[in-house]
$ cat target_37.csv   # CSV, C-alpha atoms and all ligand atoms
chain,number,residue,atom,x,y,z
E,1,MET,CA,-62.9,-44.3,-14.1
E,2,SER,CA,-63.8,-46.0,-17.4
E,3,ASP,CA,-62.7,-49.5,-18.4
E,4,ALA,CA,-60.8,-50.1,-21.5
E,5,VAL,CA,-59.7,-53.3,-23.4
E,6,VAL,CA,-56.0,-53.3,-24.1
E,7,LEU,CA,-54.6,-55.7,-26.7
E,8,LEU,CA,-51.6,-57.2,-25.0
E,9,SER,CA,-49.2,-59.4,-27.0
E,10,GLY,CA,-46.5,-59.3,-24.4
E,11,GLY,CA,-44.1,-57.2,-26.5
E,12,LEU,CA,-42.6,-53.8,-25.8
E,13,ASP,CA,-45.3,-51.8,-27.7
E,14,SER,CA,-48.3,-53.4,-26.2
E,15,THR,CA,-46.8,-53.2,-22.7
E,16,VAL,CA,-46.2,-49.4,-23.1
E,17,CYS,CA,-49.7,-49.1,-24.5
E,18,LEU,CA,-51.1,-50.8,-21.3
E,19,GLY,CA,-49.0,-48.4,-19.2
E,20,LEU,CA,-50.4,-45.4,-21.1
E,21,ALA,CA,-54.0,-46.6,-20.8
E,22,ARG,CA,-53.5,-46.8,-17.0
E,23,GLN,CA,-51.9,-43.4,-17.0
E,24,GLU,CA,-54.8,-41.9,-18.8
E,25,GLY,CA,-57.0,-43.2,-16.0
E,26,PHE,CA,-58.5,-46.2,-17.6
E,27,THR,CA,-59.1,-49.5,-15.7
E,28,PRO,CA,-57.6,-52.0,-18.2
E,29,TRP,CA,-58.8,-55.4,-19.3
E,30,THR,CA,-56.1,-57.2,-21.2
E,31,LEU,CA,-56.8,-59.3,-24.2
E,32,SER,CA,-54.2,-61.7,-25.7
E,33,PHE,CA,-54.6,-64.2,-28.5
E,34,ASP,CA,-53.2,-67.7,-28.7
E,35,TYR,CA,-53.0,-68.2,-32.4
E,36,GLY,CA,-50.3,-70.7,-32.7
E,37,GLN,CA,-47.7,-68.0,-33.1
E,38,ARG,CA,-44.1,-69.3,-33.4
E,39,HIS,CA,-43.2,-66.9,-30.6
E,40,SER,CA,-45.9,-68.3,-28.3
E,41,ALA,CA,-43.5,-67.5,-25.4
E,42,GLU,CA,-44.9,-64.0,-25.8
E,43,LEU,CA,-48.2,-65.1,-24.3
E,44,ALA,CA,-46.4,-66.0,-21.0
E,45,SER,CA,-44.9,-62.5,-21.2
E,46,ALA,CA,-48.3,-61.0,-21.7
E,47,LEU,CA,-49.7,-62.7,-18.6
E,48,ALA,CA,-46.6,-61.8,-16.5
E,49,VAL,CA,-46.8,-58.1,-17.6
E,50,ALA,CA,-50.5,-58.0,-16.8
E,51,GLU,CA,-49.9,-59.6,-13.4
E,52,ALA,CA,-47.0,-57.3,-12.6
E,53,LEU,CA,-49.2,-54.3,-13.4
E,54,GLY,CA,-51.9,-55.4,-11.1
E,55,VAL,CA,-54.5,-56.5,-13.7
E,56,PRO,CA,-56.6,-59.1,-11.8
E,57,PRO,CA,-57.1,-62.6,-13.4
E,58,ALA,CA,-60.8,-61.9,-14.0
E,59,ARG,CA,-59.8,-59.0,-16.3
E,60,ARG,CA,-57.1,-60.9,-18.3
E,61,ARG,CA,-58.6,-62.7,-21.3
E,62,VAL,CA,-56.7,-65.1,-23.6
E,63,VAL,CA,-58.6,-66.1,-26.7
E,64,PRO,CA,-57.6,-69.3,-28.4
E,65,LEU,CA,-57.4,-69.0,-32.2
E,66,HIS,CA,-55.3,-72.0,-33.1
E,67,GLY,CA,-55.5,-73.0,-36.8
E,68,LEU,CA,-57.0,-69.7,-37.9
E,69,PHE,CA,-54.0,-67.9,-39.4
E,70,SER,CA,-51.7,-69.3,-42.0
E,71,GLY,CA,-49.6,-67.9,-44.8
E,72,SER,CA,-47.2,-66.2,-42.4
E,73,ALA,CA,-43.7,-66.9,-41.1
E,74,LEU,CA,-45.0,-66.2,-37.6
E,75,THR,CA,-47.4,-69.1,-37.8
E,76,GLY,CA,-44.7,-71.5,-39.0
E,77,ASP,CA,-45.1,-71.7,-42.8
E,78,GLU,CA,-41.9,-70.0,-43.8
E,79,PRO,CA,-38.6,-69.0,-42.1
E,80,VAL,CA,-38.5,-65.7,-40.2
E,81,PRO,CA,-36.4,-63.2,-42.3
E,82,LEU,CA,-33.2,-62.2,-40.5
E,83,ASP,CA,-30.8,-59.3,-40.8
E,84,ARG,CA,-33.1,-57.1,-42.9
E,85,SER,CA,-32.0,-53.5,-43.6
E,86,TRP,CA,-34.1,-50.5,-42.6
E,87,ASP,CA,-34.8,-49.9,-46.3
E,88,GLN,CA,-36.2,-53.4,-46.7
E,89,MET,CA,-38.4,-53.0,-43.6
E,90,GLY,CA,-39.9,-49.9,-45.1
E,91,GLN,CA,-40.7,-51.3,-48.5
E,92,ASP,CA,-42.0,-54.8,-48.6
E,93,ILE,CA,-44.8,-56.5,-46.6
E,94,PRO,CA,-42.6,-59.2,-45.0
E,95,SER,CA,-43.4,-62.9,-44.6
E,96,THR,CA,-44.0,-62.2,-40.9
E,97,TYR,CA,-47.2,-60.3,-41.8
E,98,VAL,CA,-50.1,-62.4,-40.5
E,99,PRO,CA,-53.0,-62.0,-42.9
E,100,ALA,CA,-55.8,-59.8,-41.5
E,101,ARG,CA,-54.5,-60.3,-37.9
E,102,ASN,CA,-55.3,-56.8,-36.6
E,103,LEU,CA,-58.6,-56.8,-38.4
E,104,VAL,CA,-59.5,-60.0,-36.6
E,105,PHE,CA,-58.0,-58.9,-33.3
E,106,LEU,CA,-59.9,-55.6,-33.3
E,107,SER,CA,-63.1,-57.2,-34.3
E,108,LEU,CA,-62.9,-59.8,-31.4
E,109,ALA,CA,-61.9,-57.1,-29.0
E,110,THR,CA,-65.0,-55.1,-30.0
E,111,ALA,CA,-67.1,-58.2,-29.6
E,112,ILE,CA,-65.7,-58.7,-26.0
E,113,ALA,CA,-65.9,-55.0,-25.1
E,114,GLU,CA,-69.5,-54.2,-26.2
E,115,PRO,CA,-71.4,-56.5,-23.8
E,116,LEU,CA,-69.2,-55.3,-21.0
E,117,GLY,CA,-70.2,-51.7,-21.8
E,118,ILE,CA,-66.7,-50.8,-22.7
E,119,GLY,CA,-66.3,-48.2,-25.4
E,120,ASP,CA,-62.5,-47.9,-25.6
E,121,LEU,CA,-59.8,-50.2,-27.0
E,122,PHE,CA,-56.1,-49.6,-26.9
E,123,ILE,CA,-53.8,-51.2,-29.5
E,124,GLY,CA,-50.0,-50.6,-29.8
E,125,VAL,CA,-49.8,-50.3,-33.5
E,126,ASN,CA,-46.9,-48.2,-34.8
E,127,ALA,CA,-46.6,-46.6,-38.2
E,128,LEU,CA,-43.0,-45.4,-38.0
E,129,ASP,CA,-40.6,-48.1,-36.7
E,130,TYR,CA,-42.5,-51.1,-37.9
E,131,SER,CA,-42.1,-54.0,-40.3
E,132,GLY,CA,-44.4,-52.7,-43.0
E,133,TYR,CA,-47.6,-54.4,-42.0
E,134,PRO,CA,-50.6,-52.8,-43.8
E,135,ASP,CA,-52.9,-53.3,-40.7
E,136,CYS,CA,-50.7,-51.0,-38.6
E,137,ARG,CA,-51.5,-47.9,-40.7
E,138,PRO,CA,-53.6,-45.1,-39.3
E,139,GLU,CA,-55.9,-45.3,-42.3
E,140,PHE,CA,-56.7,-48.8,-41.4
E,141,ILE,CA,-57.5,-47.9,-37.8
E,142,ALA,CA,-59.7,-45.0,-38.9
E,143,ALA,CA,-61.6,-47.2,-41.3
E,144,PHE,CA,-62.1,-49.9,-38.5
E,145,ILE,CA,-63.5,-47.2,-36.2
E,146,GLN,CA,-65.9,-46.3,-38.9
E,147,ALA,CA,-66.9,-49.9,-39.6
E,148,ALA,CA,-67.5,-50.5,-35.8
E,149,ARG,CA,-69.6,-47.4,-35.6
E,150,LEU,CA,-71.8,-48.7,-38.4
E,151,GLY,CA,-71.8,-52.3,-37.2
E,152,THR,CA,-72.3,-52.2,-33.5
E,153,ARG,CA,-74.7,-50.6,-31.0
E,154,HIS,CA,-72.4,-47.8,-29.8
E,155,GLY,CA,-69.3,-48.1,-31.9
E,156,ILE,CA,-65.8,-48.2,-30.3
E,157,GLN,CA,-63.0,-45.8,-29.9
E,158,VAL,CA,-59.7,-47.2,-30.8
E,159,HIS,CA,-56.7,-45.6,-29.1
E,160,THR,CA,-53.4,-45.9,-30.8
E,161,PRO,CA,-51.1,-43.8,-28.6
E,162,LEU,CA,-47.9,-45.2,-30.2
E,163,ALA,CA,-48.9,-44.7,-33.8
E,164,HIS,CA,-46.6,-41.8,-34.5
E,165,ARG,CA,-43.8,-42.5,-31.9
E,166,THR,CA,-40.4,-43.9,-32.8
E,167,LYS,CA,-39.2,-47.0,-31.2
E,168,ALA,CA,-36.8,-44.9,-29.1
E,169,GLU,CA,-39.7,-42.8,-27.8
E,170,ILE,CA,-41.6,-46.0,-27.0
E,171,ALA,CA,-38.6,-47.4,-25.1
E,172,ALA,CA,-38.2,-44.1,-23.2
E,173,LEU,CA,-41.9,-44.0,-22.3
E,174,GLY,CA,-41.7,-47.6,-21.0
E,175,HIS,CA,-38.7,-46.6,-18.9
E,176,ARG,CA,-40.3,-43.4,-17.6
E,177,LEU,CA,-43.6,-45.2,-16.7
E,178,GLY,CA,-41.5,-47.7,-14.7
E,179,LEU,CA,-43.0,-50.7,-16.7
E,180,PRO,CA,-41.6,-54.2,-16.3
E,181,LEU,CA,-39.8,-54.2,-19.7
E,182,GLU,CA,-37.7,-57.2,-18.6
E,183,LEU,CA,-40.8,-59.3,-18.7
E,184,THR,CA,-41.6,-58.5,-22.3
E,185,MET,CA,-40.9,-60.6,-25.4
E,186,SER,CA,-40.4,-59.0,-28.8
E,187,CYS,CA,-38.3,-61.6,-30.7
E,188,TYR,CA,-40.3,-63.2,-33.6
E,189,LEU,CA,-38.5,-66.5,-32.9
E,190,GLY,CA,-39.7,-66.4,-29.3
E,191,GLN,CA,-36.2,-66.8,-28.1
E,192,ARG,CA,-34.8,-65.8,-24.7
E,193,PRO,CA,-32.0,-64.7,-25.0
E,194,ALA,CA,-33.6,-62.9,-28.0
E,195,CYS,CA,-32.2,-63.7,-31.5
E,196,GLY,CA,-31.0,-60.2,-32.2
E,197,ARG,CA,-31.6,-60.6,-36.0
E,198,CYS,CA,-35.3,-60.6,-36.7
E,199,ASP,CA,-37.1,-57.3,-37.5
E,200,ALA,CA,-38.6,-57.1,-34.0
E,201,CYS,CA,-35.2,-57.6,-32.3
E,202,LEU,CA,-33.5,-55.1,-34.7
E,203,LEU,CA,-36.1,-52.4,-34.2
E,204,ARG,CA,-36.2,-52.9,-30.5
E,205,ARG,CA,-32.5,-52.8,-29.9
E,206,HIS,CA,-32.0,-49.8,-32.2
E,207,GLY,CA,-34.8,-48.0,-30.3
E,208,PHE,CA,-33.2,-48.6,-26.9
E,209,GLU,CA,-29.8,-47.5,-28.2
E,210,GLU,CA,-31.2,-44.4,-29.7
E,211,ALA,CA,-33.0,-43.6,-26.4
E,212,GLY,CA,-29.7,-44.0,-24.6
E,213,LEU,CA,-31.2,-46.8,-22.5
E,214,VAL,CA,-30.1,-50.3,-21.7
E,215,ASP,CA,-32.6,-53.0,-23.0
E,216,PRO,CA,-33.1,-55.3,-20.0
E,217,LEU,CA,-33.5,-58.3,-22.4
E,218,PRO,CA,-30.4,-60.4,-23.2
E,219,TYR,CA,-29.6,-61.0,-26.8
E,220,ARG,CA,-27.9,-63.9,-28.5
E,221,VAL,CA,-25.9,-61.8,-31.0
B,301,ZN,ZN,-35.5,-62.0,-32.7
$ encode --input "target_37.csv" --output "structure tokens" --more "lines below"
Ligand SMILES: [Zn+2]
Amino acid sequence: MSDAVVLLSGGLDSTVCLGLARQEGFTPWTLSFDYGQRHSAELASALAVAEALGVPPARRRVVPLHGLFSGSALTGDEPVPLDRSWDQMGQDIPSTYVPARNLVFLSLATAIAEPLGIGDLFIGVNALDYSGYPDCRPEFIAAFIQAARLGTRHGIQVHTPLAHRTKAEIAALGHRLGLPLELTMSCYLGQRPACGRCDACLLRRHGFEEAGLVDPLPYRV
């Protein structure tokens, strides 16, 4: 059984990604980042999810990146947009985009994986039901794999099992895999009950509804 590094934010997508990595037979290491995100409560969710899924503490990494990212509503510079329509989510890069976040995360994950002899990374990026972040696009991931192949000893395979799944399919997968979705945190405001109005809440709720499932998280509105 091979080891894999799974980027785990503590949200729905990364939790399902972790479940899929296990299902594919990988022994997961989880990697989370403490970057001063407004919704830092998601870090506690990430650790709770990892623990619930039996990832031992020695294989749970949290990397501190305080002060690195700015220029994003998620790091506190601007208000988080609320009540956006589906059309708006598909068109603009919103203020919750964190500049180069996935580029940094994948690079750090590669730096951690390579000396451990790990050649597989899992990241729960999604190119369908997402907020319009450029670093979630399949072209970006393909280009990163190419860069890692040229810039490291053995390169790295980046698995994106959720890339072409709808949020409803992701919710259904999480349910079918028996994952502890009640421990996850998706809300950009980091609220519990979740705000119900940020992009993350709107997409998540809609996904559960479409899948005919009850979201175990409580919502404020
Ligand atoms: Zn929210």
$ closest_residue --input "target_37.csv" --among "E:Arg84, E:Arg176, E:Arg197, E:His39" --to "ligand ZN 301 (chain B)" --atoms "only C-alpha atoms and all ligand atoms"
E:Arg197
$ atom_distance --input "target_37.csv" --atom1 "CA of Cys136 in chain E" --atom2 "CA of Val5 in chain E"
17.8 Å
$ residues_near_ligand --input "target_37.csv" --ligand "ligand ZN 301 (chain B)" --cutoff "6 Å" --atoms "only C-alpha atoms and all ligand atoms" --output "ChimeraX atom specification"
/E:187-189,194-198,200-201
$ write_last_selection --input "target_37.csv" --atoms "C-alpha atoms" --output "short mmCIF file (atom, residue, chain, number, x, y, z; two decimals), keeping the file's coordinate frame"
data_model
loop_
_atom_site.label_atom_id
_atom_site.label_comp_id
_atom_site.auth_asym_id
_atom_site.auth_seq_id
_atom_site.Cartn_x
_atom_site.Cartn_y
_atom_site.Cartn_z
CA CYS E 187 -38.30 -61.60 -30.70
CA TYR E 188 -40.30 -63.20 -33.60
CA LEU E 189 -38.50 -66.50 -32.90
CA ALA E 194 -33.60 -62.90 -28.00
CA CYS E 195 -32.20 -63.70 -31.50
CA GLY E 196 -31.00 -60.20 -32.20
CA ARG E 197 -31.60 -60.60 -36.00
CA CYS E 198 -35.30 -60.60 -36.70
CA ALA E 200 -38.60 -57.10 -34.00
CA CYS E 201 -35.20 -57.60 -32.30
#
$ closest_atom_pairs --input "target_37.csv" --of "range 77-116 of chain E" --to "range 140-158 of chain E" --cutoff "9 Å" --atoms "all atoms listed in the file" --output "tab-separated table"
residue	atom	partner	partner_atom	distance
E:Leu103	CA	E:Phe144	CA	7.7
E:Leu106	CA	E:Phe144	CA	8.0
E:Ser107	CA	E:Ala148	CA	8.2
E:Thr110	CA	E:Ile156	CA	7.0
E:Ala111	CA	E:Thr152	CA	8.8
E:Ala113	CA	E:Ile156	CA	8.6
E:Glu114	CA	E:His154	CA	7.9
$ closest_residue --input "target_37.csv" --among "E:Asp215, E:Asp3, E:Asp13, E:Glu78" --to "Ala127 in chain E" --atoms "all atoms listed in the file"
E:Asp13
$ closest_residue --input "target_37.csv" --among "E:Leu43, E:Leu108, E:Leu7, E:Val98" --to "Thr160 in chain E" --atoms "all atoms listed in the file"
E:Leu7
$ closest_residue --input "target_37.csv" --among "E:Glu42, E:Glu209, E:Asp120, E:Glu24" --to "Arg192 in chain E" --atoms "only C-alpha atoms"
E:Glu42
$ atom_distance --input "target_37.csv" --atom1 "CA of Gly207 in chain E" --atom2 "CA of Ile170 in chain E"
7.8 Å
$ atom_distance --input "target_37.csv" --atom1 "CA of His66 in chain E" --atom2 "CA of Ala4 in chain E"
25.4 Å
$ closest_residue --input "target_37.csv" --among "E:Gly67, E:Leu12, E:Pro81, E:Met1" --to "Phe208 in chain E" --atoms "only C-alpha atoms"
E:Leu12
$ closest_residue --input "target_37.csv" --among "E:Gln191, E:Tyr97, E:Arg205, E:Gly132" --to "Arg220 in chain E" --atoms "all atoms listed in the file"
E:Gln191
$ residues_near_point --input "target_37.csv" --point "(-55.5, -48.9, -23.3)" --cutoff "6 Å" --atoms "all atoms listed in the file" --output "list in words"
Ala4, Val6, Cys17, Leu18, Ala21, Leu121 and Phe122 of chain E
$ residues_around --input "target_37.csv" --residues "Ser70 in chain E" --least-positions-apart "3" --cutoff "12 Å" --atoms "only C-alpha atoms" --output "NGL selection string"
:E and (35-38 or 65-67 or 73-78 or 95-101)
